[in-house]
$ cat input.cif   # mmCIF, C-alpha atoms and all ligand atoms
data_structure
loop_
_atom_site.label_atom_id
_atom_site.label_comp_id
_atom_site.auth_asym_id
_atom_site.auth_seq_id
_atom_site.Cartn_x
_atom_site.Cartn_y
_atom_site.Cartn_z
CA MET A 1 0.00 0.00 0.00
CA VAL A 2 1.02 3.57 -0.66
CA GLY A 3 0.45 6.58 1.60
CA LEU A 4 0.79 10.30 1.03
CA GLY A 5 1.86 12.93 3.54
CA TYR A 6 2.02 16.72 3.41
CA ASP A 7 2.84 19.26 6.10
CA VAL A 8 3.47 22.99 6.43
CA HIS A 9 4.80 25.03 9.32
CA ARG A 10 5.09 28.75 9.71
CA LEU A 11 8.57 30.27 10.09
CA ALA A 12 9.52 32.94 12.62
CA GLU A 13 12.66 34.47 14.10
CA GLY A 14 13.76 33.13 17.48
CA GLU A 15 12.38 29.63 16.80
CA THR A 16 14.41 26.46 16.30
CA LEU A 17 14.59 24.76 12.90
CA VAL A 18 14.49 20.96 13.13
CA LEU A 19 14.22 18.91 9.94
CA GLY A 20 14.55 15.16 9.77
CA GLY A 21 15.56 15.11 13.44
CA VAL A 22 18.54 17.39 12.73
CA VAL A 23 18.82 20.87 14.29
CA PHE A 24 19.84 23.52 11.74
CA GLU A 25 21.68 26.79 12.17
CA SER A 26 19.03 29.16 10.85
CA ARG A 27 17.78 32.71 11.36
CA LEU A 28 14.22 31.36 11.07
CA GLY A 29 12.66 28.37 12.81
CA THR A 30 9.28 26.67 12.72
CA VAL A 31 6.35 27.74 14.89
CA ALA A 32 4.63 24.62 16.23
CA HIS A 33 3.16 22.81 19.20
CA SER A 34 5.78 20.07 18.71
CA ASP A 35 9.36 20.66 17.50
CA GLY A 36 7.82 21.56 14.11
CA ASP A 37 9.74 19.00 12.07
CA VAL A 38 7.70 19.26 8.84
CA LEU A 39 9.63 16.48 7.13
CA VAL A 40 9.05 13.93 9.88
CA HIS A 41 5.41 15.04 10.13
CA ALA A 42 4.88 14.47 6.38
CA ILE A 43 6.55 11.05 6.66
CA MET A 44 4.34 10.09 9.62
CA ASP A 45 1.21 11.05 7.67
CA ALA A 46 2.41 9.03 4.66
CA LEU A 47 2.99 5.97 6.88
CA LEU A 48 -0.38 6.33 8.63
CA GLY A 49 -2.07 6.94 5.29
CA ALA A 50 -0.68 3.74 3.77
CA LEU A 51 -2.58 1.71 6.37
CA ALA A 52 -5.60 4.08 6.59
CA LEU A 53 -4.78 4.70 10.27
CA GLY A 54 -5.85 8.35 10.23
CA ASP A 55 -3.39 11.23 10.51
CA ILE A 56 -0.99 12.75 13.02
CA GLY A 57 -3.67 15.17 14.24
CA LEU A 58 -5.64 12.13 15.38
CA HIS A 59 -2.72 10.36 17.07
CA PHE A 60 -0.91 13.44 18.45
CA PRO A 61 -3.54 16.15 19.09
CA ASP A 62 -1.98 19.62 19.44
CA THR A 63 -4.28 20.19 22.42
CA ASP A 64 -2.46 17.37 24.26
CA PRO A 65 0.27 18.71 26.58
CA GLU A 66 2.19 15.42 26.11
CA TRP A 67 3.16 16.62 22.60
CA LYS A 68 4.12 20.18 23.57
CA ASP A 69 7.62 20.75 22.09
CA ALA A 70 7.65 17.00 21.38
CA ASP A 71 10.59 15.41 19.62
CA SER A 72 9.10 14.34 16.27
CA ILE A 73 11.52 11.42 16.02
CA SER A 74 9.91 9.89 19.13
CA MET A 75 6.48 10.49 17.54
CA LEU A 76 7.79 8.70 14.41
CA LYS A 77 8.85 5.74 16.55
CA ARG A 78 5.31 5.64 17.95
CA VAL A 79 3.89 5.59 14.39
CA HIS A 80 6.31 2.81 13.47
CA GLN A 81 5.03 0.80 16.43
CA LEU A 82 1.44 1.26 15.17
CA ILE A 83 2.52 -0.14 11.80
CA ARG A 84 4.24 -3.10 13.46
CA ASN A 85 1.11 -3.70 15.54
CA GLU A 86 -0.81 -4.07 12.26
CA GLY A 87 1.68 -6.76 11.22
CA ALA A 88 3.05 -4.51 8.48
CA HIS A 89 6.46 -3.11 7.58
CA VAL A 90 7.83 -0.17 5.61
CA LEU A 91 9.27 -0.83 2.14
CA ASN A 92 10.46 2.63 1.19
CA ILE A 93 9.85 6.35 1.66
CA ASP A 94 10.47 9.24 -0.70
CA SER A 95 10.16 12.86 0.37
CA THR A 96 10.70 16.44 -0.73
CA VAL A 97 11.23 19.46 1.52
CA VAL A 98 10.36 22.83 -0.02
CA LEU A 99 12.24 25.78 1.48
CA GLU A 100 14.40 28.73 0.45
CA THR A 101 17.13 28.49 3.10
CA PRO A 102 19.21 26.92 4.57
CA ARG A 103 20.71 24.51 2.02
CA LEU A 104 19.66 21.01 3.01
CA ARG A 105 21.84 18.95 0.70
CA PRO A 106 24.93 18.87 2.97
CA HIS A 107 22.73 17.51 5.80
CA VAL A 108 20.58 15.04 3.85
CA ASP A 109 22.61 11.99 4.87
CA ALA A 110 22.40 12.91 8.57
CA MET A 111 18.62 13.35 8.23
CA ARG A 112 18.25 10.05 6.37
CA LYS A 113 20.25 8.28 9.08
CA ARG A 114 18.10 9.72 11.91
CA ILE A 115 14.80 8.80 10.26
CA ALA A 116 15.94 5.38 9.00
CA GLU A 117 17.19 4.47 12.48
CA ALA A 118 13.86 5.45 14.05
CA LEU A 119 12.09 3.14 11.60
CA GLY A 120 14.62 0.31 11.69
CA LEU A 121 14.91 0.87 7.93
CA ASP A 122 17.89 0.42 5.62
CA VAL A 123 18.93 3.98 4.77
CA ARG A 124 18.84 3.09 1.05
CA ARG A 125 15.06 2.78 1.39
CA LEU A 126 14.67 6.39 2.53
CA SER A 127 15.00 9.29 0.12
CA ILE A 128 15.04 12.98 1.07
CA LYS A 129 15.09 15.62 -1.63
CA ALA A 130 15.07 19.40 -1.32
CA THR A 131 13.91 22.18 -3.59
CA THR A 132 13.26 25.88 -3.34
CA SER A 133 10.03 27.55 -4.40
CA GLU A 134 11.88 29.92 -6.74
CA ARG A 135 10.98 32.81 -4.40
CA LEU A 136 7.27 32.24 -5.20
CA GLY A 137 4.41 31.93 -2.70
CA PHE A 138 4.62 31.51 1.08
CA VAL A 139 7.73 29.36 0.87
CA GLY A 140 9.35 31.88 -1.45
CA ARG A 141 8.63 34.71 0.99
CA GLU A 142 10.15 32.55 3.78
CA GLU A 143 6.85 32.58 5.67
CA GLY A 144 6.84 28.79 5.89
CA ILE A 145 8.31 25.42 5.01
CA ALA A 146 6.45 22.58 3.28
CA ALA A 147 7.23 18.88 2.98
CA TYR A 148 5.77 16.05 0.92
CA ALA A 149 6.27 12.35 1.53
CA ILE A 150 5.16 9.08 0.02
CA ALA A 151 5.55 5.73 1.75
CA GLN A 152 5.13 2.15 0.67
CA VAL A 153 4.05 -0.27 3.40
CA GLU A 154 3.14 -3.95 3.09
CA PHE A 155 1.75 -6.75 5.24
MG MG B 201 3.30 19.51 11.48
#
$ encode --input "input.cif" --output "structure tokens"
Amino acid sequence: MVGLGYDVHRLAEGETLVLGGVVFESRLGTVAHSDGDVLVHAIMDALLGALALGDIGLHFPDTDPEWKDADSISMLKRVHQLIRNEGAHVLNIDSTVVLETPRLRPHVDAMRKRIAEALGLDVRRLSIKATTSERLGFVGREEGIAAYAIAQVEF
């Protein structure tokens, strides 16, 4: 089965930028109830979607104090456990982060390692790509960051 995930977070000064479980040096960070890791959030929604298990809003409500400033990698581990409980496993994940700055490419392998470890997945089965929005729209104005993910899960 295939699942799709998409997430957006607003950017603001004085916030931390965490992507793929890696903390970035950045003037702007994401505004969120959790650590605002849009990439991991998109991947979680793709994984949940593949098994029709709802979405992260259902499993990690932003009204729940347990998830205040939560580490998204630990949320991802929780999602992985849900998948295992269904008797399923992850085949592969592809993803794209859309942002203007900073440059992600030098950090992609560190991000892949963090996420693959959380899922017990061979790193070759996890792809992270990055693109800018060519200065267009909310991403182009550096008002936010978006991420897309697709996951293949089988029983
Ligand atoms: Mg999110």
$ closest_residue --input "input.cif" --among "A:Asp45, A:Glu15, A:Glu66, A:Glu25" --to "ligand MG 201 (chain B)" --atoms "all atoms listed in the file"
A:Asp45
$ residues_near_point --input "input.cif" --point "(15.5, 19.5, 5.7)" --cutoff "9 Å" --atoms "all atoms listed in the file" --output "JSON, numbers by chain"
{"A": [17, 18, 19, 20, 21, 22, 24, 37, 38, 39, 96, 97, 98, 99, 102, 103, 104, 105, 107, 108, 111, 128, 129, 130, 147]}
$ residues_near_ligand --input "input.cif" --ligand "ligand MG 201 (chain B)" --cutoff "7 Å" --atoms "only C-alpha atoms and all ligand atoms" --output "list in words"
Asp7, Val8, His9, Gly36, Asp37, Val38 and His41 of chain A
$ write_last_selection --input "input.cif" --atoms "C-alpha atoms" --output "PDB file, in the frame of the given file"
ATOM      1  CA  ASP A   7       2.840  19.260   6.100  1.00  0.00           C
ATOM      2  CA  VAL A   8       3.470  22.990   6.430  1.00  0.00           C
ATOM      3  CA  HIS A   9       4.800  25.030   9.320  1.00  0.00           C
ATOM      4  CA  GLY A  36       7.820  21.560  14.110  1.00  0.00           C
ATOM      5  CA  ASP A  37       9.740  19.000  12.070  1.00  0.00           C
ATOM      6  CA  VAL A  38       7.700  19.260   8.840  1.00  0.00           C
ATOM      7  CA  HIS A  41       5.410  15.040  10.130  1.00  0.00           C
TER       8      HIS A  41
END
$ atom_distance --input "input.cif" --atom1 "atom CA of A:Met1" --atom2 "atom CA of A:Ala70"
28.4 Å
$ residues_around --input "input.cif" --residues "A:Phe155" --least-positions-apart "4" --cutoff "9 Å" --atoms "only C-alpha atoms" --output "PyMOL selection string"
chain A and resi 1+86-90
$ atom_distance --input "input.cif" --atom1 "atom CA of A:Ala42" --atom2 "atom CA of A:Ser95"
8.2 Å
$ residues_near_point --input "input.cif" --point "(19.2, 26.2, -5.0)" --cutoff "9 Å" --atoms "all atoms listed in the file" --output "list in words"
Glu100, Thr101, Arg103, Ala130, Thr131, Thr132 and Glu134 of chain A
$ atom_distance --input "input.cif" --atom1 "atom CA of A:Ser26" --atom2 "atom CA of A:Asp62"
24.6 Å
$ residues_around --input "input.cif" --residues "A:Thr16" --least-positions-apart "5" --cutoff "8 Å" --atoms "only C-alpha atoms" --output "list in words"
Val23, Phe24, Ser26, Leu28, Gly29, Thr30 and Asp35 of chain A
$ write_last_selection --input "input.cif" --atoms "C-alpha atoms" --output "compact mmCIF listing (two decimals), in the frame of the given file"
# COMPACT_ATOMS: atom_id res chain seq x y z
CA VAL A 23 18.82 20.87 14.29
CA PHE A 24 19.84 23.52 11.74
CA SER A 26 19.03 29.16 10.85
CA LEU A 28 14.22 31.36 11.07
CA GLY A 29 12.66 28.37 12.81
CA THR A 30 9.28 26.67 12.72
CA ASP A 35 9.36 20.66 17.50
$ closest_residue --input "input.cif" --among "A:Val2, A:Ile83, A:Ala151, A:Leu48" --to "A:Leu126" --atoms "only C-alpha atoms"
A:Ala151
$ residues_around --input "input.cif" --residues "A:Val123" --least-positions-apart "4" --cutoff "7 Å" --atoms "only C-alpha atoms" --output "MDAnalysis selection string"
chainID A and resid 112:113 116
$ residues_around --input "input.cif" --residues "A:Trp67" --least-positions-apart "5" --cutoff "10 Å" --atoms "all atoms listed in the file" --output "list in words"
His33, Ser34, Asp35, Phe60, Pro61, Asp62, Ser72 and Met75 of chain A
$ write_last_selection --input "input.cif" --atoms "C-alpha atoms" --output "CSV table (one decimal), keeping the file's coordinate frame"
chain,number,residue,atom,x,y,z
A,33,HIS,CA,3.2,22.8,19.2
A,34,SER,CA,5.8,20.1,18.7
A,35,ASP,CA,9.4,20.7,17.5
A,60,PHE,CA,-0.9,13.4,18.4
A,61,PRO,CA,-3.5,16.2,19.1
A,62,ASP,CA,-2.0,19.6,19.4
A,72,SER,CA,9.1,14.3,16.3
A,75,MET,CA,6.5,10.5,17.5
